[in-house]
Structure formats: C-alpha cells, structure tokens
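Here is the structure we will look at.
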Amino acid sequence: MARERREIKRIESAAARQVTFSKRRRGLFKKAEELSVLCDADVALIVFSSTGKLSQFASSSMNEIIDKYNTHSKNLGKAEQPSLDLNLEHSKYANLNEQLAEASLRLRQMRGEELEGLSVEELQQLEKNLEAGLHRVLQTKDQQFLEQISELQQKSSQLAEENMQLRNQVSQIPPSGKQAVADTENVIAEDGQSSESVMTALHSGSSQDNDDGSDVSLKLGLPGVAWK
C-alpha cells in the first residue's frame, strides 16, 4: 500500500509534535552532513525548538561559517550600492537636463525668440528683466570708463612731474656746458655726422698739416729740428 502523505500543518498534540521534531531534526542533520561530504561544502544548521532549545550542526566550525556568511552579506550590500548610486545619478542628470532646457529657453526669449506662447504678464516681466540687465551693463561700462580716465590722469601727472624734473636738471647745467652741447648739436644737425666722425676729421686734418710742413722743410733744405 502507498504511504499516506501527511498534510503539512501544525501538529496540535504537544507530545506528537515533540516526537516529530526529534525525528525530522535527526534526518535534517543527516542530510546536511551528507551534503557536506558529497559536495565538499561548508554547511551549518541552527534550529530552535518551540521550547527554545538550541540544536545546531556545522560541517567544520560554526564560527568560521558565520564569519564567512557575514563577510558575504557585506559584499552583497556593497555590490548593490552602485545600482542605487546609479539611479541617483540618473535622477540628477535628468534634473540638470531640465534646468538646462529651461535656461536655454529663457536665453532665447531674452534674444526675442520663441515669444509666441508667452502671455502679456510674462512679456512684461521679460521686458523688466531686460531693462534691469541693460541698466547693469551701462553701469558697468561707465565704471570702466571712469577707471580708464583715472589711470590716464595718473599717467599724465606722472609725465608732467618727470618733465619738470628734466627742466630742473637742464637749468642747473653751466652756460659753457650749454654752449658746448648746443655747438655739438649744431654740428651733428648740419653735417649729419656723429661726434666720432668729427674728431676723426680733425685728427686727419692735423696729420695732413704735419705732412705739408715736412715737405716744405725738405724743399727748403732746412733740418727738421730747426723747422720745428
């Protein structure tokens, strides 16, 4: 005869429930042991009876298996974290895209584009915003003009002061020095030559005079010492 299958539900009799618990616990532990031996697996079982009594089975060390379980659970939590971060990044990206689209639309409207869907109140508000922006632009431009004018005035004052210092230095030069400077400037201005070329010409002229004198002394038959 076929064995009758018992309905899976709570056994009402406490004695029968305790007997069934003991039998099935031994069978469960036996299956766990067979699984660990056949498959070289780490198996740990923890069972509490209805009275709170602890029964456990471990193929190796219960503490080592529990530590391994805790480590694996932490790693699973870390592996699931990127998916949460990715969803958050997608949400931020969508929000930024919306803000960018809204800002682009406002910019085009400030340029006078895509104004058809705006109401009168929105157009008046846009006009106020443009007027306020134009006022700030003009104010900034005027400020920059004033700063440039102030810089030019400072440079003008500095140049005037340097010019005055040069005039004072020129006034302190002796009259002879001024005349020599003026003569040198006139020579340079008339001949277009430098001071070095003028001195070279003077030396060459003196050399030529000496040569003429020696020639005259030779023609007269006089000794050069007496001529000198």
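Every chain in the structure tokens takes a letter, A first, then B, and so on in the order presented; its residues are numbered from 1, and the ligands are numbered from 1 following the presented order.
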
Sel. of helix (DSSP H, G or I) residues, region 23-141 of chain A, as a PyMOL selection string
chain A and resi 23-39+62-110+120-141

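Closest approach to Phe29 (chain A) from the set A:Ala58, A:Ala41, A:Leu115, A:Leu107 is made by A:Ala58, with distances taken over only C-alpha atoms.
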
Hey, what's within 10 Å of region 20-22 of chain A if we count only C-alpha atoms and toss same-chain stuff fewer than 4 positions away? As a PDB file with all heavy atoms, in the first residue's frame, please?
```pdb
ATOM      1  N   ILE A  11       1.142  20.485  14.223  1.00  0.00           N
ATOM      2  CA  ILE A  11       0.612  19.340  14.972  1.00  0.00           C
ATOM      3  C   ILE A  11       0.073  19.863  16.287  1.00  0.00           C
ATOM      4  O   ILE A  11       0.778  20.543  17.041  1.00  0.00           O
ATOM      5  CB  ILE A  11       1.716  18.287  15.200  1.00  0.00           C
ATOM      6  CG1 ILE A  11       2.256  17.795  13.849  1.00  0.00           C
ATOM      7  CG2 ILE A  11       1.194  17.143  16.029  1.00  0.00           C
ATOM      8  CD1 ILE A  11       3.432  16.857  13.963  1.00  0.00           C
ATOM      9  N   ALA A  14       1.110  18.166  21.697  1.00  0.00           N
ATOM     10  CA  ALA A  14       2.458  18.554  22.091  1.00  0.00           C
ATOM     11  C   ALA A  14       3.407  17.366  22.076  1.00  0.00           C
ATOM     12  O   ALA A  14       4.562  17.487  21.627  1.00  0.00           O
ATOM     13  CB  ALA A  14       2.442  19.197  23.480  1.00  0.00           C
ATOM     14  N   ALA A  15       2.939  16.208  22.512  1.00  0.00           N
ATOM     15  CA  ALA A  15       3.799  15.021  22.543  1.00  0.00           C
ATOM     16  C   ALA A  15       4.140  14.587  21.124  1.00  0.00           C
ATOM     17  O   ALA A  15       5.311  14.300  20.809  1.00  0.00           O
ATOM     18  CB  ALA A  15       3.102  13.897  23.296  1.00  0.00           C
ATOM     19  N   ALA A  16       3.114  14.509  20.256  1.00  0.00           N
ATOM     20  CA  ALA A  16       3.354  14.123  18.867  1.00  0.00           C
ATOM     21  C   ALA A  16       4.246  15.158  18.169  1.00  0.00           C
ATOM     22  O   ALA A  16       5.114  14.817  17.344  1.00  0.00           O
ATOM     23  CB  ALA A  16       2.024  13.987  18.129  1.00  0.00           C
ATOM     24  N   ARG A  26      16.870  14.941  13.274  1.00  0.00           N
ATOM     25  CA  ARG A  26      17.947  13.985  13.000  1.00  0.00           C
ATOM     26  C   ARG A  26      18.085  13.763  11.497  1.00  0.00           C
ATOM     27  O   ARG A  26      19.200  13.705  10.958  1.00  0.00           O
ATOM     28  CB  ARG A  26      17.679  12.646  13.707  1.00  0.00           C
ATOM     29  CG  ARG A  26      17.886  12.691  15.204  1.00  0.00           C
ATOM     30  CD  ARG A  26      17.977  11.287  15.786  1.00  0.00           C
ATOM     31  NE  ARG A  26      16.724  10.551  15.585  1.00  0.00           N
ATOM     32  CZ  ARG A  26      15.708  10.530  16.446  1.00  0.00           C
ATOM     33  NH1 ARG A  26      15.782  11.234  17.579  1.00  0.00           N
ATOM     34  NH2 ARG A  26      14.626   9.841  16.187  1.00  0.00           N
ATOM     35  N   GLY A  27      16.949  13.658  10.802  1.00  0.00           N
ATOM     36  CA  GLY A  27      17.016  13.476   9.355  1.00  0.00           C
ATOM     37  C   GLY A  27      17.613  14.704   8.655  1.00  0.00           C
ATOM     38  O   GLY A  27      18.385  14.580   7.695  1.00  0.00           O
ATOM     39  N   LEU A  28      17.261  15.886   9.139  1.00  0.00           N
ATOM     40  CA  LEU A  28      17.787  17.115   8.548  1.00  0.00           C
ATOM     41  C   LEU A  28      19.302  17.213   8.759  1.00  0.00           C
ATOM     42  O   LEU A  28      20.048  17.549   7.836  1.00  0.00           O
ATOM     43  CB  LEU A  28      17.083  18.326   9.164  1.00  0.00           C
ATOM     44  CG  LEU A  28      17.449  19.702   8.597  1.00  0.00           C
ATOM     45  CD1 LEU A  28      17.107  19.781   7.119  1.00  0.00           C
ATOM     46  CD2 LEU A  28      16.724  20.798   9.370  1.00  0.00           C
ATOM     47  N   SER A  49      13.866  24.825  18.964  1.00  0.00           N
ATOM     48  CA  SER A  49      12.577  24.139  19.149  1.00  0.00           C
ATOM     49  C   SER A  49      11.547  25.125  19.663  1.00  0.00           C
ATOM     50  O   SER A  49      11.852  26.286  19.944  1.00  0.00           O
ATOM     51  CB  SER A  49      12.738  22.981  20.133  1.00  0.00           C
ATOM     52  OG  SER A  49      13.081  23.465  21.416  1.00  0.00           O
ATOM     53  N   SER A  50      10.316  24.668  19.775  1.00  0.00           N
ATOM     54  CA  SER A  50       9.237  25.524  20.274  1.00  0.00           C
ATOM     55  C   SER A  50       9.460  25.916  21.727  1.00  0.00           C
ATOM     56  O   SER A  50       8.937  26.936  22.190  1.00  0.00           O
ATOM     57  CB  SER A  50       7.892  24.808  20.122  1.00  0.00           C
ATOM     58  OG  SER A  50       7.908  23.569  20.840  1.00  0.00           O
TER      59      SER A  50
END
```

Excluding region 122-133 of chain A and residues on its chain fewer than 6 positions from it, collect all residues at most 12 Å away from it, counting only C-alpha atoms, and give them as a PDB file with N, CA and C atoms, in the first residue's frame.
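The new file part.pdb reads:
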```pdb
ATOM      1  N   ARG A 106      14.892  80.479 -21.703  1.00  0.00           N
ATOM      2  CA  ARG A 106      14.900  81.859 -21.221  1.00  0.00           C
ATOM      3  C   ARG A 106      15.893  82.706 -22.006  1.00  0.00           C
ATOM      4  N   LEU A 107      17.030  82.144 -22.337  1.00  0.00           N
ATOM      5  CA  LEU A 107      18.028  82.880 -23.101  1.00  0.00           C
ATOM      6  C   LEU A 107      17.504  83.222 -24.496  1.00  0.00           C
ATOM      7  N   ARG A 108      16.856  82.264 -25.141  1.00  0.00           N
ATOM      8  CA  ARG A 108      16.283  82.540 -26.470  1.00  0.00           C
ATOM      9  C   ARG A 108      15.183  83.586 -26.388  1.00  0.00           C
ATOM     10  N   GLN A 109      14.387  83.551 -25.334  1.00  0.00           N
ATOM     11  CA  GLN A 109      13.332  84.542 -25.179  1.00  0.00           C
ATOM     12  C   GLN A 109      13.910  85.936 -24.933  1.00  0.00           C
ATOM     13  N   MET A 110      15.036  86.017 -24.208  1.00  0.00           N
ATOM     14  CA  MET A 110      15.680  87.304 -23.999  1.00  0.00           C
ATOM     15  C   MET A 110      16.281  87.849 -25.289  1.00  0.00           C
ATOM     16  N   ARG A 111      16.562  86.945 -26.225  1.00  0.00           N
ATOM     17  CA  ARG A 111      17.027  87.369 -27.548  1.00  0.00           C
ATOM     18  C   ARG A 111      15.869  87.739 -28.477  1.00  0.00           C
ATOM     19  N   GLY A 112      14.647  87.581 -28.000  1.00  0.00           N
ATOM     20  CA  GLY A 112      13.491  87.898 -28.827  1.00  0.00           C
ATOM     21  C   GLY A 112      12.974  86.722 -29.611  1.00  0.00           C
ATOM     22  N   GLU A 113      13.349  85.498 -29.231  1.00  0.00           N
ATOM     23  CA  GLU A 113      12.909  84.306 -29.945  1.00  0.00           C
ATOM     24  C   GLU A 113      11.895  83.536 -29.101  1.00  0.00           C
ATOM     25  N   GLU A 114      11.044  82.777 -29.791  1.00  0.00           N
ATOM     26  CA  GLU A 114      10.069  81.888 -29.150  1.00  0.00           C
ATOM     27  C   GLU A 114       9.226  82.641 -28.120  1.00  0.00           C
ATOM     28  N   LEU A 115       8.636  83.752 -28.546  1.00  0.00           N
ATOM     29  CA  LEU A 115       7.790  84.557 -27.660  1.00  0.00           C
ATOM     30  C   LEU A 115       6.305  84.311 -27.879  1.00  0.00           C
ATOM     31  N   GLU A 116       5.973  83.428 -28.802  1.00  0.00           N
ATOM     32  CA  GLU A 116       4.570  83.259 -29.175  1.00  0.00           C
ATOM     33  C   GLU A 116       3.730  82.711 -28.028  1.00  0.00           C
ATOM     34  N   GLN A 139      25.850 100.589 -16.365  1.00  0.00           N
ATOM     35  CA  GLN A 139      26.537 100.979 -15.135  1.00  0.00           C
ATOM     36  C   GLN A 139      27.960 100.418 -15.102  1.00  0.00           C
ATOM     37  N   THR A 140      28.112  99.176 -15.504  1.00  0.00           N
ATOM     38  CA  THR A 140      29.449  98.568 -15.535  1.00  0.00           C
ATOM     39  C   THR A 140      30.339  99.243 -16.558  1.00  0.00           C
TER      40      THR A 140
END
```

One decimal, Å: what's the distance from CA of Glu7 (chain A) over to CA of Leu54 (chain A), could you say?
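For CA of Glu7 (chain A) relative to CA of Leu54 (chain A), the distance reads 26.1 Å.
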
Show me, as a ChimeraX atom specification, the residues that have an atom within 12 Å of region 64-72 of chain A when counting only C-alpha atoms, minus same-chain residues fewer than 2 positions from it.
/A:41-46,57-62,74-79

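We find CA of Lys23 (chain A) and CA of Ser55 (chain A) to be spaced 12.9 Å apart.
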
Between CA of Gln172 (chain A) and CA of Gln154 (chain A), measure the distance and give it in Å to one decimal.
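Straight-line distance from CA of Gln172 (chain A) to CA of Gln154 (chain A) works out to 27.7 Å.
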